[in-house]
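Asks: Dropping in run_26.pdb, which is PDB, C-alpha atoms:
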```pdb
ATOM      1  CA  MET A   1     -42.752 -80.945  19.347
ATOM      2  CA  ASN A   2     -45.871 -82.960  19.722
ATOM      3  CA  MET A   3     -44.614 -85.064  16.860
ATOM      4  CA  PHE A   4     -42.232 -86.998  19.149
ATOM      5  CA  PHE A   5     -45.075 -88.047  21.398
ATOM      6  CA  GLU A   6     -47.298 -89.290  18.646
ATOM      7  CA  GLU A   7     -47.827 -92.973  18.331
ATOM      8  CA  GLY A   8     -45.716 -94.610  15.660
ATOM      9  CA  PHE A   9     -43.002 -91.964  15.525
ATOM     10  CA  PHE A  10     -40.341 -94.312  16.854
ATOM     11  CA  SER A  11     -41.330 -97.184  14.606
ATOM     12  CA  LEU A  12     -38.862 -98.212  11.945
ATOM     13  CA  SER A  13     -41.342 -97.449   9.200
ATOM     14  CA  SER A  14     -41.633 -93.789  10.192
ATOM     15  CA  ALA A  15     -40.074 -91.417   7.676
ATOM     16  CA  GLU A  16     -39.628 -88.708  10.259
ATOM     17  CA  LEU A  17     -37.504 -91.055  12.379
ATOM     18  CA  TRP A  18     -35.190 -91.813   9.474
ATOM     19  CA  VAL A  19     -34.906 -88.109   8.601
ATOM     20  CA  GLY A  20     -33.919 -87.408  12.212
ATOM     21  CA  VAL A  21     -31.428 -90.321  12.232
ATOM     22  CA  GLY A  22     -29.928 -89.104   8.953
ATOM     23  CA  LEU A  23     -29.588 -85.589  10.316
ATOM     24  CA  VAL A  24     -27.850 -86.828  13.471
ATOM     25  CA  LEU A  25     -25.500 -88.997  11.378
ATOM     26  CA  PHE A  26     -24.757 -86.083   9.042
ATOM     27  CA  LEU A  27     -23.947 -83.787  11.949
ATOM     28  CA  ALA A  28     -21.766 -86.480  13.573
ATOM     29  CA  LEU A  29     -19.918 -86.989  10.294
ATOM     30  CA  CYS A  30     -19.354 -83.235   9.965
ATOM     31  CA  LEU A  31     -18.084 -83.065  13.524
ATOM     32  CA  PHE A  32     -15.800 -86.076  13.030
ATOM     33  CA  THR A  33     -14.294 -84.764   9.759
ATOM     34  CA  GLY A  34     -13.746 -81.278  11.170
ATOM     35  CA  ALA A  35     -16.095 -79.573   8.728
ATOM     36  CA  PHE A  36     -17.262 -77.204  11.453
ATOM     37  CA  LYS A  37     -13.668 -76.191  12.184
ATOM     38  CA  LEU A  38     -13.042 -75.748   8.465
ATOM     39  CA  LEU A  39     -16.224 -73.712   8.081
ATOM     40  CA  GLY A  40     -15.333 -71.662  11.166
ATOM     41  CA  GLY A  41     -11.804 -71.084   9.844
ATOM     42  CA  ALA A  42     -13.160 -69.962   6.477
ATOM     43  CA  LEU A  43     -15.559 -67.599   8.195
ATOM     44  CA  ASP A  44     -12.768 -66.299  10.447
ATOM     45  CA  ALA A  45     -10.506 -65.767   7.400
ATOM     46  CA  LYS A  46     -13.298 -63.955   5.591
ATOM     47  CA  ALA A  47     -13.938 -61.801   8.690
ATOM     48  CA  ALA A  48     -10.202 -61.024   8.958
ATOM     49  CA  ARG A  49     -10.068 -60.085   5.256
ATOM     50  CA  ILE A  50     -13.121 -57.859   5.644
ATOM     51  CA  GLN A  51     -11.584 -56.273   8.763
ATOM     52  CA  SER A  52      -8.302 -55.596   6.898
ATOM     53  CA  GLU A  53     -10.277 -54.028   4.028
ATOM     54  CA  LEU A  54     -12.152 -51.874   6.542
ATOM     55  CA  ASP A  55      -8.856 -50.859   8.164
ATOM     56  CA  GLU A  56      -7.399 -50.049   4.731
ATOM     57  CA  ALA A  57     -10.505 -48.028   3.876
ATOM     58  CA  ALA A  58     -10.229 -46.137   7.166
ATOM     59  CA  ARG A  59      -6.533 -45.431   6.481
ATOM     60  CA  LEU A  60      -7.333 -44.234   2.941
ATOM     61  CA  ARG A  61     -10.133 -42.058   4.280
ATOM     62  CA  ALA A  62      -7.776 -40.494   6.826
ATOM     63  CA  GLU A  63      -5.220 -39.841   4.058
ATOM     64  CA  ALA A  64      -7.935 -38.354   1.840
ATOM     65  CA  GLU A  65      -9.127 -36.090   4.662
ATOM     66  CA  ALA A  66      -5.555 -34.952   5.334
ATOM     67  CA  LEU A  67      -5.035 -34.316   1.619
ATOM     68  CA  LEU A  68      -8.337 -32.422   1.470
ATOM     69  CA  ALA A  69      -7.301 -30.265   4.414
ATOM     70  CA  GLN A  70      -3.937 -29.593   2.737
ATOM     71  CA  ILE A  71      -5.638 -28.686  -0.553
ATOM     72  CA  ARG A  72      -8.046 -26.361   1.255
ATOM     73  CA  ALA A  73      -5.126 -24.669   3.000
ATOM     74  CA  GLU A  74      -3.287 -24.289  -0.321
ATOM     75  CA  LYS A  75      -6.459 -22.924  -1.899
ATOM     76  CA  ALA A  76      -6.857 -20.369   0.883
ATOM     77  CA  GLU A  77      -3.194 -19.387   0.507
ATOM     78  CA  ALA A  78      -3.578 -19.080  -3.277
ATOM     79  CA  GLU A  79      -6.694 -16.946  -2.845
ATOM     80  CA  ALA A  80      -4.839 -14.707  -0.386
ATOM     81  CA  GLN A  81      -1.948 -14.366  -2.841
ATOM     82  CA  ALA A  82      -4.388 -13.603  -5.660
ATOM     83  CA  ALA A  83      -6.038 -10.922  -3.521
ATOM     84  CA  GLU A  84      -2.642  -9.392  -2.721
ATOM     85  CA  MET A  85      -1.663  -9.472  -6.388
ATOM     86  CA  LEU A  86      -4.968  -7.820  -7.306
ATOM     87  CA  LYS A  87      -4.420  -5.085  -4.723
ATOM     88  CA  ALA A  88      -0.874  -4.535  -5.999
ATOM     89  CA  ALA A  89      -2.101  -4.415  -9.599
ATOM     90  CA  GLU A  90      -4.789  -1.890  -8.668
ATOM     91  CA  ALA A  91      -2.214   0.261  -6.867
ATOM     92  CA  ASP A  92       0.114   0.043  -9.864
ATOM     93  CA  ALA A  93      -2.764   0.976 -12.157
ATOM     94  CA  ARG A  94      -3.534   4.048 -10.046
ATOM     95  CA  VAL A  95       0.133   5.101 -10.107
ATOM     96  CA  ILE A  96       0.362   4.573 -13.863
ATOM     97  CA  GLU A  97      -2.895   6.499 -14.342
ATOM     98  CA  ALA A  98      -1.567   9.418 -12.291
ATOM     99  CA  GLU A  99       1.707   9.401 -14.232
ATOM    100  CA  ALA A 100      -0.177   9.275 -17.523
ATOM    101  CA  LYS A 101      -2.316  12.249 -16.472
ATOM    102  CA  VAL A 102       0.780  14.255 -15.566
ATOM    103  CA  LYS A 103       2.472  13.351 -18.853
ATOM    104  CA  LEU A 104      -0.684  14.194 -20.800
ATOM    105  CA  GLU A 105      -0.966  17.565 -19.079
ATOM    106  CA  GLU A 106       2.721  18.283 -19.800
ATOM    107  CA  THR A 107       2.285  17.268 -23.441
ATOM    108  CA  LEU A 108      -0.831  19.408 -23.781
ATOM    109  CA  ALA A 109       0.961  22.366 -22.185
ATOM    110  CA  ARG A 110       3.936  21.960 -24.552
ATOM    111  CA  ARG A 111       1.667  21.682 -27.582
ATOM    112  CA  GLN A 112      -0.365  24.700 -26.476
ATOM    113  CA  ALA A 113       2.823  26.734 -25.984
ATOM    114  CA  LEU A 114       4.104  25.591 -29.394
ATOM    115  CA  ALA A 115       0.776  26.493 -31.009
ATOM    116  CA  GLU A 116       0.821  29.898 -29.312
ATOM    117  CA  ARG A 117       4.401  30.533 -30.548
ATOM    118  CA  ARG A 118       3.417  29.517 -34.071
ATOM    119  CA  ILE A 119       0.352  31.775 -33.920
ATOM    120  CA  ALA A 120       2.507  34.664 -32.676
ATOM    121  CA  GLN A 121       5.043  34.030 -35.444
ATOM    122  CA  ALA A 122       2.248  33.851 -38.006
ATOM    123  CA  GLU A 123       0.818  37.118 -36.653
ATOM    124  CA  VAL A 124       4.229  38.806 -36.847
ATOM    125  CA  GLN A 125       4.796  37.441 -40.342
ATOM    126  CA  ALA A 126       1.275  38.433 -41.467
ATOM    127  CA  SER A 127       1.729  41.888 -39.948
ATOM    128  CA  ALA A 128       5.058  42.292 -41.741
ATOM    129  CA  GLU A 129       3.524  41.106 -45.008
ATOM    130  CA  VAL A 130       0.570  43.488 -44.594
ATOM    131  CA  LYS A 131       2.951  46.372 -43.818
ATOM    132  CA  ALA A 132       5.107  45.501 -46.816
ATOM    133  CA  ALA A 133       2.057  45.237 -49.073
ATOM    134  CA  ALA A 134       0.689  48.513 -47.692
ATOM    135  CA  ALA A 135       4.061  50.202 -48.202
ATOM    136  CA  ASP A 136       4.285  48.886 -51.766
ATOM    137  CA  LEU A 137       0.748  49.955 -52.482
ATOM    138  CA  ALA A 138       1.342  53.395 -50.941
ATOM    139  CA  ALA A 139       4.575  53.788 -52.873
ATOM    140  CA  ARG A 140       2.901  52.837 -56.150
ATOM    141  CA  ALA A 141      -0.073  55.070 -55.426
ATOM    142  CA  ALA A 142       2.232  57.963 -54.529
ATOM    143  CA  GLU A 143       4.270  57.288 -57.619
ATOM    144  CA  GLN A 144       1.168  57.281 -59.799
ATOM    145  CA  ILE A 145      -0.190  60.438 -58.176
ATOM    146  CA  LEU A 146       3.097  62.245 -58.488
ATOM    147  CA  ALA A 147       3.575  60.939 -61.981
ATOM    148  CA  ALA A 148       0.160  62.233 -62.954
ATOM    149  CA  ARG A 149       0.859  65.674 -61.402
ATOM    150  CA  LEU A 150       4.248  65.943 -62.896
ATOM    151  CA  ALA A 151       3.276  64.627 -66.265
ATOM    152  CA  GLY A 152       3.358  68.060 -67.559
ATOM    153  CA  GLN A 153       6.437  69.184 -65.645
ATOM    154  CA  LYS A 154      10.052  68.297 -65.936
ATOM    155  CA  THR A 155      11.360  65.492 -63.826
ATOM    156  CA  ASP A 156      13.063  66.464 -60.690
ATOM    157  CA  PRO A 157      15.879  64.155 -59.535
ATOM    158  CA  LEU A 158      15.274  64.951 -55.857
ATOM    159  CA  LEU A 159      11.614  64.049 -56.217
ATOM    160  CA  ASP A 160      12.468  60.732 -57.959
ATOM    161  CA  ALA A 161      14.918  59.854 -55.160
ATOM    162  CA  ALA A 162      12.303  60.668 -52.474
ATOM    163  CA  ILE A 163       9.710  58.525 -54.243
ATOM    164  CA  ALA A 164      12.148  55.599 -54.425
ATOM    165  CA  GLN A 165      12.902  55.906 -50.693
ATOM    166  CA  ILE A 166       9.200  55.851 -49.685
ATOM    167  CA  GLY A 167       8.937  52.139 -50.338
ATOM    168  CA  SER A 168      11.992  51.281 -48.199
ATOM    169  CA  ARG A 169      11.014  53.598 -45.343
ATOM    170  CA  LEU A 170       7.492  52.199 -45.019
ATOM    171  CA  ASN A 171       8.769  48.644 -44.731
TER     172      ASN A 171
END
```
Take the structure in the file and give it back as structure tokens.
Replies:
Amino acid sequence: MNMFFEEGFFSLSSAELWVGVGLVLFLALCLFTGAFKLLGGALDAKAARIQSELDEAARLRAEAEALLAQIRAEKAEAEAQAAEMLKAAEADARVIEAEAKVKLEETLARRQALAERRIAQAEVQASAEVKAAAADLAARAAEQILAARLAGQKTDPLLDAAIAQIGSRLN
């Protein structure tokens, strides 16, 4: 500020004076042509555009938050349904397991009874075969013994009939 009070500042040969005069003329010209209003209008338009973008961003954010809340609720509902389905599947698995155990026990009991019947039949059949073989063997042995004793004697028809009946009676 001391520059204005220096000697020679207001002389026409002072460069600072002409710079000041030019600045004043430039500002007057800008004021006269409405450049300040134009500049202010451009700044106001830019501010309005920025404000509308901020409002749009706020609206989009609110929509995104609402959508996020909806998705979280759907996720919680889906998880609850999945848990219920899992519980139901586990219960079904336990029921099926119990039914399978019962069926397995019934099948094993039937097979054991069938095996026991077959064993009993085999025992009866084996016993009958052993008795038949023993009767045959006894009949042949008796026949051989009697044949050897009677080799020197005459044949007796009653004795031959008795020997023939031994085999059928032992069976």
Asks: Can you tell me which residues surround region 115-131 of chain A at a distance of at most 12 Å, considering all atoms listed in the file, apart from same-chain residues fewer than 6 positions away, and format the answer as a VMD selection string?
Replies: chain A and resid 108 to 109 137 to 139 167 to 171
Asks: Could you work out how far CA of Leu158 (chain A) lies from CA of Ile145 (chain A), giving the answer in Å with one decimal?
Replies: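 Atom-to-atom, CA of Ile145 (chain A) to CA of Leu158 (chain A), that is 16.3 Å.
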Asks: So how far away is CA of Cys30 (chain A) from CA of Trp18 (chain A), in Å?
Replies: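 One can read the CA of Trp18 (chain A) to CA of Cys30 (chain A) distance as 18.0 Å.
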Asks: In Å, how far is it from CA of Ala83 (chain A) to CA of Ala98 (chain A)?
Replies: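 Going from CA of Ala83 (chain A) over to CA of Ala98 (chain A) covers 22.6 Å.
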